[in-house]
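Taking it in order: structure first as structure tokens, then the write-up.
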Amino acid sequence: MPGEPEDGPRISALSATDRFMPKPLKSITRGPRRPPGGRQDRQRPPARPTGHSSDRPLPRCLDQKQVAAILQAAKRESDRDLCLFALMYRYALRAVEVTKLLREDINLDARRIRITRAKGGVSQEYILPPDVVSVLKRYLRKRIDRGPHLFTGRQSTNQTGLTVLRVQQLFKHYATQAGLPPNVASHALRHSMAVHAREAGYDLPALADLLGHRSVRSTAIYAQVRSKARDRMIHELARSKDVVRVP
């Protein structure tokens, strides 16, 4: 048509088919390329532990001499405190578990103790060995009050016995007297008993029973402790006639 631009009809024809053609992509401003195997300026987080016992270090525990030093320090001052920490060690008790013990949980005639575990653990009865029976008798003979709790303090009532905080304070006191580092807590007694039992040759199911674990998987961390029973087995096998000697 006269006066129409040369490219007018061509533009109209394109407009008619424009809706059938793909739209051009918008321009995207990209940042710097990621380096191979990682994000830009960010370190990859460390891999999570697999749960295998070798992935987790042993909790802090005390050796036999350190435990004996704490018990000796308590013995010099208080039969109650000696009994308290003896039970925590021998039965691998948490502080909250020892404060929940009642007089009726102790049967000195049958030499049994009933322990209520915390954190969903298995509550059950255990035998009382002679040395623990002796210290329990000595402590209970000196008890003046008739409260239901096994361990009481100045602020105890019929509803509450010795508090967890007081147990921790007493442990710090005796640990200091025993020359232990100031950052050692009463929970170390529980781990110490587990390690010492493992060293004595007890297997993981036996440790799980002692600790009140519902699953042996919770006890697997102690598998890395060297067992003296395993060492004895190796020596006995070396002397056995049923095992071939190395020429």
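Ligands are numbered from 1 in the order shown, residues from 1 within each chain, and chains are lettered A, B, ... in the order they appear in the structure tokens.
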
Selection: 10 Å around Val96 of chain A, only C-alpha atoms, excl. self and same-chain fewer than 2 positions, as a PyMOL selection string:
chain A and resi 93-94+98-101+116-118+162-165+167

Give the strand (DSSP E) residues of segment 63-114 of chain A, as DSSP finds them on the backbone, and put them as a list in words.
Ile106, Asn107, Arg112, Ile113 and Arg114 of chain A

Would you mind listing what lies within 9 Å of Asp63 of chain A as an MDAnalysis selection string, with only C-alpha atoms counted and same-chain residues fewer than 2 positions away left out?
chainID A and resid 61 65:68 192 195:196

Can you pull out every residue within 8 Å of Tyr139 of chain A, counting only C-alpha atoms, but drop anything in the same chain fewer than 6 positions away, and send it as a PyMOL selection string?
chain A and resi 79-80+83

I want to know what sits within 12 Å of Val122 of chain A, based on only C-alpha atoms, with residues of the same chain fewer than 4 positions away left out; could you give that as an MDAnalysis selection string?
chainID A and resid 97 114:118 126 208:215

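Pairwise distance (atom CA of Pro205 of chain A, atom CA of Gly121 of chain A) equals 14.1 Å.
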
Which residues come within 10 Å of Gly161 of chain A, counting only C-alpha atoms, excluding same-chain residues fewer than 5 positions away, as a list of chain:residue names?
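Contacts, with the query itself left out: A:Val98, A:Thr99, A:Lys100, A:Leu101, A:Leu102, A:Gly147, A:Pro148, A:His149, A:Leu150, A:Phe151, A:Thr152, A:Gly153, A:Arg154, A:Gln155, A:Ser156.
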
Take the residues that were just selected and, keeping C-alpha atoms, output them as a short mmCIF file (atom, residue, chain, number, x, y, z; two decimals), in the first residue's frame.
data_model
loop_
_atom_site.label_atom_id
_atom_site.label_comp_id
_atom_site.auth_asym_id
_atom_site.auth_seq_id
_atom_site.Cartn_x
_atom_site.Cartn_y
_atom_site.Cartn_z
CA VAL A 98 20.73 -42.52 93.13
CA THR A 99 18.55 -39.70 94.48
CA LYS A 100 15.43 -41.75 93.63
CA LEU A 101 16.49 -44.74 95.73
CA LEU A 102 14.14 -45.50 98.63
CA GLY A 147 12.17 -40.70 105.89
CA PRO A 148 11.46 -42.94 102.89
CA HIS A 149 14.48 -41.92 100.81
CA LEU A 150 17.74 -43.81 101.10
CA PHE A 151 19.85 -40.66 100.95
CA THR A 152 18.74 -37.52 102.72
CA GLY A 153 20.19 -34.13 103.56
CA ARG A 154 19.38 -31.15 105.72
CA GLN A 155 16.69 -29.93 103.36
CA SER A 156 15.14 -33.34 102.69
#

Write out as a ChimeraX atom specification each polymer residue whose atoms come within 12 Å of Glu77 of chain A, counting only C-alpha atoms; drop sequence neighbours fewer than 4 positions from it.
/A:70-73,81-83,170,173-174,177
